>>> print(open('upload_9.txt').read())   # compact mmCIF, C-alpha atoms and all ligand atoms
# COMPACT_ATOMS: atom_id res chain seq x y z
CA MET H 1 -42.10 4.77 11.79
CA GLY H 2 -41.82 7.25 14.64
CA LEU H 3 -42.58 10.90 15.03
CA GLU H 4 -42.41 13.63 12.38
CA LEU H 5 -42.46 17.39 12.77
CA ILE H 6 -43.64 19.04 9.58
CA GLY H 7 -43.12 22.75 9.12
CA LEU H 8 -43.94 23.73 12.70
CA SER H 9 -44.16 27.44 13.35
CA LYS H 10 -45.45 29.30 16.39
CA VAL H 11 -46.30 32.95 16.87
CA PHE H 12 -47.56 34.17 20.23
CA GLY H 13 -49.74 37.27 20.53
CA GLY H 14 -50.17 39.70 17.68
CA LYS H 15 -53.80 40.23 18.59
CA ASN H 16 -55.33 43.41 19.97
CA GLY H 17 -52.40 45.44 18.63
CA ASP H 18 -49.61 43.79 20.65
CA GLU H 19 -46.36 42.81 18.93
CA PRO H 20 -46.40 39.20 17.69
CA LEU H 21 -43.61 37.03 19.11
CA HIS H 22 -42.20 34.59 16.54
CA VAL H 23 -40.96 31.60 18.50
CA LEU H 24 -40.64 28.68 16.07
CA GLU H 25 -39.98 28.92 12.35
CA ASP H 26 -40.55 26.04 9.98
CA ILE H 27 -39.23 23.19 12.12
CA HIS H 28 -38.89 19.94 10.20
CA GLY H 29 -37.61 16.87 11.94
CA ARG H 30 -38.11 13.17 12.37
CA VAL H 31 -37.29 10.71 15.09
CA GLU H 32 -37.52 7.03 14.22
CA GLU H 33 -39.33 4.75 16.63
CA GLY H 34 -37.14 3.75 19.57
CA ARG H 35 -34.47 6.37 18.92
CA PHE H 36 -33.14 9.01 21.29
CA LEU H 37 -33.24 12.56 19.90
CA SER H 38 -31.86 15.55 21.77
CA ILE H 39 -32.75 19.14 21.01
CA ILE H 40 -30.27 21.77 22.02
CA GLY H 41 -30.51 25.53 21.61
CA PRO H 42 -30.01 28.86 23.36
CA SER H 43 -32.14 29.90 26.32
CA GLY H 44 -35.51 31.30 25.34
CA CYS H 45 -35.35 30.09 21.73
CA GLY H 46 -38.54 28.01 21.94
CA LYS H 47 -37.53 24.49 23.06
CA THR H 48 -40.24 24.14 25.71
CA THR H 49 -42.79 25.57 23.29
CA LEU H 50 -41.79 22.93 20.74
CA LEU H 51 -42.21 20.12 23.30
CA ARG H 52 -45.54 21.55 24.43
CA ILE H 53 -46.73 21.50 20.81
CA ILE H 54 -45.60 17.88 20.38
CA ALA H 55 -47.36 17.02 23.66
CA GLY H 56 -50.59 18.60 22.40
CA LEU H 57 -50.56 21.25 25.15
CA GLU H 58 -50.09 24.09 22.69
CA ARG H 59 -51.33 24.45 19.10
CA PRO H 60 -48.84 25.33 16.38
CA SER H 61 -49.57 28.43 14.25
CA SER H 62 -48.83 26.21 11.28
CA GLY H 63 -47.46 22.74 10.64
CA GLN H 64 -48.23 19.29 11.95
CA VAL H 65 -46.96 16.58 14.26
CA LEU H 66 -47.36 13.06 12.85
CA ILE H 67 -46.92 9.71 14.53
CA ASP H 68 -46.49 6.62 12.36
CA GLY H 69 -47.42 8.77 9.36
CA ARG H 70 -50.73 10.08 10.73
CA GLU H 71 -51.88 12.87 13.02
CA ILE H 72 -51.38 12.16 16.73
CA ALA H 73 -54.52 11.04 18.56
CA TYR H 74 -53.72 12.34 22.02
CA GLU H 75 -56.40 10.17 23.67
CA SER H 76 -54.85 6.91 22.48
CA ASP H 77 -51.23 7.65 21.47
CA ARG H 78 -49.73 8.05 24.88
CA ILE H 79 -47.09 10.77 25.11
CA GLY H 80 -45.17 10.78 28.40
CA LEU H 81 -43.88 14.01 29.87
CA VAL H 82 -41.00 14.61 32.22
CA PHE H 83 -41.00 18.39 32.49
CA GLN H 84 -39.52 20.41 35.31
CA GLU H 85 -42.78 22.28 35.66
CA TYR H 86 -44.70 19.01 35.95
CA ALA H 87 -43.23 18.47 39.38
CA LEU H 88 -44.42 15.64 41.57
CA PHE H 89 -47.55 16.22 43.58
CA PRO H 90 -46.22 17.26 46.99
CA TRP H 91 -49.22 15.81 48.84
CA LEU H 92 -48.70 12.33 47.35
CA THR H 93 -46.11 9.77 48.45
CA THR H 94 -43.59 8.12 46.11
CA LEU H 95 -45.95 5.17 45.66
CA GLN H 96 -49.00 7.36 45.08
CA ASN H 97 -47.15 9.60 42.60
CA ILE H 98 -45.96 6.58 40.60
CA GLU H 99 -49.38 4.91 40.69
CA LEU H 100 -51.16 8.04 39.55
CA GLY H 101 -50.67 7.60 35.79
CA LEU H 102 -52.17 4.11 35.94
CA GLU H 103 -55.00 5.33 38.15
CA ILE H 104 -55.90 7.99 35.57
CA MET H 105 -55.91 5.25 32.92
CA GLY H 106 -58.36 3.29 35.07
CA ALA H 107 -56.12 0.33 36.00
CA PRO H 108 -57.44 -1.73 38.94
CA LYS H 109 -55.89 -1.04 42.34
CA LYS H 110 -54.13 -4.42 42.68
CA GLU H 111 -52.52 -4.16 39.25
CA ARG H 112 -51.45 -0.57 39.93
CA LEU H 113 -49.82 -1.47 43.18
CA ALA H 114 -47.93 -4.44 41.73
CA ALA H 115 -46.64 -2.36 38.78
CA ALA H 116 -45.69 0.59 41.01
CA MET H 117 -43.80 -1.66 43.46
CA ASP H 118 -41.89 -3.17 40.54
CA TYR H 119 -40.88 0.32 39.33
CA ILE H 120 -39.96 1.35 42.86
CA TYR H 121 -37.63 -1.64 43.11
CA ARG H 122 -36.08 -1.16 39.67
CA PHE H 123 -35.62 2.57 40.27
CA GLY H 124 -33.77 2.03 43.55
CA LEU H 125 -36.55 3.66 45.58
CA SER H 126 -37.33 0.73 47.89
CA GLY H 127 -37.81 1.93 51.47
CA PHE H 128 -39.06 5.34 50.23
CA GLU H 129 -42.52 4.25 49.10
CA ASP H 130 -44.29 6.27 51.79
CA ARG H 131 -42.07 9.35 51.68
CA TYR H 132 -43.31 12.65 50.28
CA PRO H 133 -41.34 14.48 47.55
CA ARG H 134 -39.91 16.99 50.07
CA GLU H 135 -38.33 14.05 51.91
CA LEU H 136 -36.46 12.85 48.79
CA SER H 137 -33.20 14.03 47.22
CA GLY H 138 -33.32 15.85 43.87
CA GLY H 139 -32.06 12.75 42.03
CA MET H 140 -34.68 10.55 43.71
CA ARG H 141 -37.44 13.00 42.81
CA GLN H 142 -36.44 12.85 39.16
CA ARG H 143 -36.40 9.05 39.30
CA VAL H 144 -39.96 9.14 40.69
CA ALA H 145 -40.95 11.54 37.88
CA ILE H 146 -39.46 9.21 35.24
CA ALA H 147 -41.07 6.13 36.83
CA ARG H 148 -44.44 7.88 36.91
CA THR H 149 -44.16 8.50 33.17
CA LEU H 150 -42.74 5.16 32.02
CA ILE H 151 -45.22 3.08 34.02
CA THR H 152 -47.96 4.17 31.62
CA ASP H 153 -46.01 2.60 28.72
CA PRO H 154 -45.97 5.70 26.48
CA LYS H 155 -45.06 5.59 22.79
CA VAL H 156 -42.98 8.72 23.05
CA VAL H 157 -41.41 10.39 26.08
CA LEU H 158 -40.71 14.13 26.03
CA MET H 159 -38.15 15.34 28.54
CA ASP H 160 -37.53 19.04 29.16
CA GLU H 161 -34.19 19.53 30.92
CA PRO H 162 -35.09 16.85 33.46
CA PHE H 163 -31.62 16.86 35.04
CA GLY H 164 -31.00 20.62 34.80
CA SER H 165 -31.20 21.32 38.52
CA LEU H 166 -28.98 18.44 39.66
CA ASP H 167 -25.31 18.53 40.62
CA SER H 168 -22.98 17.12 37.96
CA GLN H 169 -22.34 13.76 39.68
CA THR H 170 -26.06 13.04 40.21
CA ARG H 171 -26.70 14.23 36.68
CA ASN H 172 -24.15 11.79 35.25
CA ASP H 173 -25.60 8.95 37.35
CA LEU H 174 -29.13 9.68 36.14
CA GLN H 175 -28.02 9.90 32.51
CA ALA H 176 -26.52 6.40 32.81
CA PHE H 177 -29.65 5.21 34.63
CA LEU H 178 -31.91 6.60 31.89
CA LEU H 179 -29.90 4.81 29.19
CA LYS H 180 -30.11 1.52 31.10
CA LEU H 181 -33.87 1.89 31.38
CA TRP H 182 -34.17 2.80 27.73
CA ASP H 183 -32.28 -0.39 26.89
CA THR H 184 -35.05 -2.46 28.50
CA GLN H 185 -38.06 -0.27 27.64
CA ARG H 186 -37.23 1.04 24.15
CA VAL H 187 -39.45 4.10 23.79
CA THR H 188 -38.85 7.04 21.48
CA ILE H 189 -37.32 9.87 23.51
CA ILE H 190 -37.13 13.57 22.71
CA PHE H 191 -34.85 15.22 25.25
CA VAL H 192 -34.31 18.97 25.56
CA THR H 193 -31.09 20.13 27.13
CA HIS H 194 -28.73 23.11 27.29
CA ASN H 195 -25.85 20.78 27.92
CA VAL H 196 -23.83 19.64 24.88
CA ASP H 197 -22.04 16.99 26.93
CA GLU H 198 -25.37 15.47 28.00
CA ALA H 199 -26.73 15.49 24.42
CA VAL H 200 -23.63 13.71 23.08
CA PHE H 201 -23.59 11.13 25.89
CA LEU H 202 -27.28 10.24 25.53
CA SER H 203 -28.45 10.67 21.97
CA ASP H 204 -28.64 8.91 18.65
CA ASP H 205 -29.47 12.21 16.95
CA ILE H 206 -29.07 15.87 17.91
CA LEU H 207 -30.97 18.86 16.51
CA VAL H 208 -29.37 22.25 17.08
CA LEU H 209 -31.74 25.24 17.16
CA SER H 210 -30.98 28.89 16.52
CA SER H 211 -31.98 31.65 18.90
CA ARG H 212 -35.57 32.89 18.66
CA PRO H 213 -37.33 32.34 16.38
CA ALA H 214 -35.93 28.82 16.58
CA ARG H 215 -34.90 27.27 13.27
CA ILE H 216 -32.94 24.06 12.89
CA ILE H 217 -29.39 25.11 12.14
CA ASP H 218 -27.69 21.72 12.26
CA ARG H 219 -28.31 18.01 12.75
CA PHE H 220 -25.89 15.40 13.99
CA GLN H 221 -25.92 11.65 14.25
CA VAL H 222 -23.94 10.28 17.18
CA ASP H 223 -22.61 6.97 15.96
CA CYS H 224 -20.38 6.15 18.96
CA PRO H 225 -21.26 2.73 20.46
CA ARG H 226 -22.78 2.54 23.96
CA PRO H 227 -21.80 2.52 26.75
CA ARG H 228 -20.03 5.71 25.74
CA ASP H 229 -16.88 7.06 27.16
CA ARG H 230 -17.50 10.79 27.66
CA THR H 231 -13.83 11.53 27.09
CA SER H 232 -13.33 9.44 23.94
CA ALA H 233 -12.00 11.10 20.81
CA ALA H 234 -15.22 10.31 18.91
CA CYS H 235 -17.45 11.93 21.60
CA ASN H 236 -15.13 14.93 21.79
CA MET H 237 -15.25 15.39 18.04
CA ILE H 238 -19.06 15.55 17.98
CA ARG H 239 -19.10 17.80 21.05
CA LYS H 240 -16.76 20.18 19.24
CA ARG H 241 -18.95 20.24 16.13
CA VAL H 242 -22.15 20.91 18.14
CA LEU H 243 -20.42 23.70 20.08
CA GLU H 244 -19.17 25.19 16.81
CA ALA H 245 -22.70 25.17 15.39
CA LEU H 246 -23.99 27.00 18.50
CA GLU H 247 -21.09 29.48 18.41
CA ALA H 248 -21.48 30.18 14.69
CA GLN H 249 -25.07 31.24 15.10
CA LYS H 250 -24.19 33.43 18.12
CA LYS H 251 -21.60 35.22 15.95
CA SER H 252 -24.06 35.69 13.12
CA MET H 253 -26.33 37.50 15.62
CA LEU H 254 -23.62 40.06 16.43
CA VAL H 255 -23.26 41.34 12.87
N1 LIG N 301 -47.89 31.05 26.40
C1 LIG N 301 -47.03 31.96 25.98
N2 LIG N 301 -47.45 33.19 25.62
C2 LIG N 301 -46.60 34.13 25.15
N3 LIG N 301 -45.26 33.93 25.02
C3 LIG N 301 -44.79 32.72 25.37
C4 LIG N 301 -45.62 31.68 25.87
N4 LIG N 301 -44.85 30.59 26.12
C5 LIG N 301 -43.59 30.95 25.81
N5 LIG N 301 -43.54 32.22 25.36
C6 LIG N 301 -42.35 32.93 24.88
O1 LIG N 301 -41.75 32.12 23.88
C7 LIG N 301 -40.34 32.24 23.95
C8 LIG N 301 -39.73 30.84 24.02
O2 LIG N 301 -40.04 30.27 25.28
P1 LIG N 301 -39.65 28.78 25.65
O3 LIG N 301 -40.03 28.58 27.05
O4 LIG N 301 -40.21 27.88 24.62
O5 LIG N 301 -38.06 28.84 25.48
P2 LIG N 301 -36.96 27.77 25.90
O6 LIG N 301 -36.08 27.57 24.71
O7 LIG N 301 -37.59 26.58 26.48
O8 LIG N 301 -36.15 28.57 27.03
P3 LIG N 301 -35.25 27.98 28.24
O9 LIG N 301 -34.02 27.43 27.59
O10 LIG N 301 -34.94 29.19 29.05
O11 LIG N 301 -36.05 26.95 28.94
C9 LIG N 301 -40.01 33.11 25.15
O12 LIG N 301 -39.70 34.41 24.69
C10 LIG N 301 -41.30 33.10 25.96
O13 LIG N 301 -41.47 34.32 26.61
MG MG N 302 -37.50 25.67 28.38
>>> encode(input="upload_9.txt", output="structure tokens")
Amino acid sequence: MGLELIGLSKVFGGKNGDEPLHVLEDIHGRVEEGRFLSIIGPSGCGKTTLLRIIAGLERPSSGQVLIDGREIAYESDRIGLVFQEYALFPWLTTLQNIELGLEIMGAPKKERLAAAMDYIYRFGLSGFEDRYPRELSGGMRQRVAIARTLITDPKVVLMDEPFGSLDSQTRNDLQAFLLKLWDTQRVTIIFVTHNVDEAVFLSDDILVLSSRPARIIDRFQVDCPRPRDRTSAACNMIRKRVLEALEAQKKSMLV
């Protein structure tokens, strides 16, 4: 079944005489269970707001988010978040950060430790269990953040530009790493990015948003088989069409 966005709109403010800010306008979308959806759109258009609404951190002004055809129950339908603002806790080690999600869920200490050590091994973090986030590289920190989310076995994972601050080589490595993980732990992923290349490399589906208030201006299905060759003609063709969609709406703003 998966996740459905039905007519989501969001207006901030507009009370006590201040100007209302229209951020999202009638967003309809669907991501089937186990698929990888990317959302791309200009800076400030409302991407983070949309993810925050899906995560239940913000209420929409109108519309609904459904999971498997019913309203999300945030207590039991686990939604994982990998947001830049949800940085790791600096006072916790790699092991403690990864264990935290399970601790909050009330898992016993022994079980937590065994699961966390397994993630640490699979995520290439062995030897760094007792290091604090400031002692890790940017790529390692993001791997800890992803491990911390996936260990709780969420139904849906929301990622807000998780690789945005990394250099291009580390970014490419982590994209490949994420796809490998996703191959073994097939969760539904909604991934926000500014980067067309990243969206085409990772996704099954791409939604392109307009500038604020964000509307869906185009949708693409990326049918290229994985592992993908970033420079293949098929990838380049989709990249070109996504870029054209973004450009077209920029032009329409100038007239
Ligand atoms: N809690 C809030 N109260 C008022 N305005 C808000 C709030 N959160 C976001 N906004 C406004 O909503 C608009 C969209 O913000 P949002 O962070 O969703 O954009 P974005 O697409 O994620 O941008 P970026 O690409 O730069 O990350 C911005 O103009 C922002 O100022
Ligand atoms: Mg944002």
>>> residues_near_ligand(input="upload_9.txt", ligand="ligand LIG 301 (chain N)", cutoff="7 Å", atoms="all atoms listed in the file", output="JSON, numbers by chain")
{"H": [12, 13, 21, 23, 41, 42, 43, 44, 45, 46, 47, 48, 49, 50, 194]}
>>> residues_near_point(input="upload_9.txt", point="(-33.0, 23.2, 33.2)", cutoff="12 Å", atoms="all atoms listed in the file", output="list in words")
Ile40, Pro42, Ser43, Gly44, Lys47, Thr48, Val82, Phe83, Gln84, Glu85, Met159, Asp160, Glu161, Pro162, Phe163, Gly164, Ser165, Leu166, Asp167, Arg171, Phe191, Val192, Thr193, His194 and Asn195 of chain H
>>> residues_around(input="upload_9.txt", residues="segment 121-131 of chain H", least_positions_apart="4", cutoff="12 Å", atoms="all atoms listed in the file", output="PyMOL selection string")
chain H and resi 89-99+113-117+135-137+139-148+150-151+174+177-178+180-181+184
>>> write_last_selection(input="upload_9.txt", atoms="C-alpha atoms", output="PDB file, in the coordinates of the input")
ATOM      1  CA  PHE H  89     -47.550  16.220  43.580  1.00  0.00           C
ATOM      2  CA  PRO H  90     -46.220  17.260  46.990  1.00  0.00           C
ATOM      3  CA  TRP H  91     -49.220  15.810  48.840  1.00  0.00           C
ATOM      4  CA  LEU H  92     -48.700  12.330  47.350  1.00  0.00           C
ATOM      5  CA  THR H  93     -46.110   9.770  48.450  1.00  0.00           C
ATOM      6  CA  THR H  94     -43.590   8.120  46.110  1.00  0.00           C
ATOM      7  CA  LEU H  95     -45.950   5.170  45.660  1.00  0.00           C
ATOM      8  CA  GLN H  96     -49.000   7.360  45.080  1.00  0.00           C
ATOM      9  CA  ASN H  97     -47.150   9.600  42.600  1.00  0.00           C
ATOM     10  CA  ILE H  98     -45.960   6.580  40.600  1.00  0.00           C
ATOM     11  CA  GLU H  99     -49.380   4.910  40.690  1.00  0.00           C
ATOM     12  CA  LEU H 113     -49.820  -1.470  43.180  1.00  0.00           C
ATOM     13  CA  ALA H 114     -47.930  -4.440  41.730  1.00  0.00           C
ATOM     14  CA  ALA H 115     -46.640  -2.360  38.780  1.00  0.00           C
ATOM     15  CA  ALA H 116     -45.690   0.590  41.010  1.00  0.00           C
ATOM     16  CA  MET H 117     -43.800  -1.660  43.460  1.00  0.00           C
ATOM     17  CA  GLU H 135     -38.330  14.050  51.910  1.00  0.00           C
ATOM     18  CA  LEU H 136     -36.460  12.850  48.790  1.00  0.00           C
ATOM     19  CA  SER H 137     -33.200  14.030  47.220  1.00  0.00           C
ATOM     20  CA  GLY H 139     -32.060  12.750  42.030  1.00  0.00           C
ATOM     21  CA  MET H 140     -34.680  10.550  43.710  1.00  0.00           C
ATOM     22  CA  ARG H 141     -37.440  13.000  42.810  1.00  0.00           C
ATOM     23  CA  GLN H 142     -36.440  12.850  39.160  1.00  0.00           C
ATOM     24  CA  ARG H 143     -36.400   9.050  39.300  1.00  0.00           C
ATOM     25  CA  VAL H 144     -39.960   9.140  40.690  1.00  0.00           C
ATOM     26  CA  ALA H 145     -40.950  11.540  37.880  1.00  0.00           C
ATOM     27  CA  ILE H 146     -39.460   9.210  35.240  1.00  0.00           C
ATOM     28  CA  ALA H 147     -41.070   6.130  36.830  1.00  0.00           C
ATOM     29  CA  ARG H 148     -44.440   7.880  36.910  1.00  0.00           C
ATOM     30  CA  LEU H 150     -42.740   5.160  32.020  1.00  0.00           C
ATOM     31  CA  ILE H 151     -45.220   3.080  34.020  1.00  0.00           C
ATOM     32  CA  LEU H 174     -29.130   9.680  36.140  1.00  0.00           C
ATOM     33  CA  PHE H 177     -29.650   5.210  34.630  1.00  0.00           C
ATOM     34  CA  LEU H 178     -31.910   6.600  31.890  1.00  0.00           C
ATOM     35  CA  LYS H 180     -30.110   1.520  31.100  1.00  0.00           C
ATOM     36  CA  LEU H 181     -33.870   1.890  31.380  1.00  0.00           C
ATOM     37  CA  THR H 184     -35.050  -2.460  28.500  1.00  0.00           C
TER      38      THR H 184
END
>>> residues_around(input="upload_9.txt", residues="Leu3 of chain H", least_positions_apart="5", cutoff="7 Å", atoms="only C-alpha atoms", output="list in words")
Arg30, Val31, Glu32, Leu66, Ile67 and Asp68 of chain H
>>> write_last_selection(input="upload_9.txt", atoms="C-alpha atoms", output="PDB file, in the coordinates of the input")
ATOM      1  CA  ARG H  30     -38.110  13.170  12.370  1.00  0.00           C
ATOM      2  CA  VAL H  31     -37.290  10.710  15.090  1.00  0.00           C
ATOM      3  CA  GLU H  32     -37.520   7.030  14.220  1.00  0.00           C
ATOM      4  CA  LEU H  66     -47.360  13.060  12.850  1.00  0.00           C
ATOM      5  CA  ILE H  67     -46.920   9.710  14.530  1.00  0.00           C
ATOM      6  CA  ASP H  68     -46.490   6.620  12.360  1.00  0.00           C
TER       7      ASP H  68
END
>>> residues_near_point(input="upload_9.txt", point="(-48.1, 13.1, 22.7)", cutoff="10 Å", atoms="only C-alpha atoms", output="list of chain:residue names")
H:Leu3, H:Leu51, H:Arg52, H:Ile53, H:Ile54, H:Ala55, H:Gly56, H:Leu57, H:Val65, H:Leu66, H:Ile67, H:Ile72, H:Ala73, H:Tyr74, H:Glu75, H:Ser76, H:Asp77, H:Arg78, H:Ile79, H:Gly80, H:Leu81, H:Pro154, H:Lys155, H:Val156, H:Val157, H:Leu158
>>> atom_distance(input="upload_9.txt", atom1="atom CA of Phe201 of chain H", atom2="atom CA of Leu37 of chain H")
11.4 Å
>>> residues_around(input="upload_9.txt", residues="Met253 of chain H", least_positions_apart="6", cutoff="12 Å", atoms="only C-alpha atoms", output="NGL selection string")
:H and (210-212 or 246-247)
>>> build_atoms(input="upload_9.txt", residues="segment 94-109 of chain H", atoms="N, CA and C atoms", output="compact mmCIF listing (two decimals), keeping the file's coordinate frame")
# COMPACT_ATOMS: atom_id res chain seq x y z
N THR H 94 -44.28 8.71 47.27
CA THR H 94 -43.59 8.12 46.11
C THR H 94 -44.52 7.11 45.43
N LEU H 95 -45.08 6.20 46.21
CA LEU H 95 -45.95 5.17 45.66
C LEU H 95 -47.17 5.79 44.97
N GLN H 96 -47.79 6.75 45.64
CA GLN H 96 -49.00 7.36 45.08
C GLN H 96 -48.69 8.16 43.81
N ASN H 97 -47.53 8.86 43.81
CA ASN H 97 -47.15 9.60 42.60
C ASN H 97 -46.94 8.65 41.43
N ILE H 98 -46.26 7.52 41.69
CA ILE H 98 -45.96 6.58 40.60
C ILE H 98 -47.22 5.88 40.11
N GLU H 99 -48.12 5.59 41.05
CA GLU H 99 -49.38 4.91 40.69
C GLU H 99 -50.34 5.79 39.90
N LEU H 100 -50.15 7.11 40.05
CA LEU H 100 -51.16 8.04 39.55
C LEU H 100 -51.50 7.88 38.07
N GLY H 101 -50.44 7.72 37.24
CA GLY H 101 -50.67 7.60 35.79
C GLY H 101 -51.58 6.43 35.48
N LEU H 102 -51.36 5.31 36.18
CA LEU H 102 -52.17 4.11 35.94
C LEU H 102 -53.59 4.32 36.46
N GLU H 103 -53.68 5.07 37.56
CA GLU H 103 -55.00 5.33 38.15
C GLU H 103 -55.83 6.14 37.15
N ILE H 104 -55.18 7.15 36.55
CA ILE H 104 -55.90 7.99 35.57
C ILE H 104 -56.36 7.14 34.39
N MET H 105 -55.54 6.13 34.04
CA MET H 105 -55.91 5.25 32.92
C MET H 105 -56.95 4.21 33.33
N GLY H 106 -57.30 4.18 34.61
CA GLY H 106 -58.36 3.29 35.07
C GLY H 106 -57.91 1.87 35.41
N ALA H 107 -56.60 1.68 35.65
CA ALA H 107 -56.12 0.33 36.00
C ALA H 107 -56.62 -0.05 37.39
N PRO H 108 -56.96 -1.33 37.61
CA PRO H 108 -57.44 -1.73 38.94
C PRO H 108 -56.35 -1.59 40.00
N LYS H 109 -56.78 -1.36 41.23
CA LYS H 109 -55.89 -1.04 42.34
C LYS H 109 -54.75 -2.07 42.51
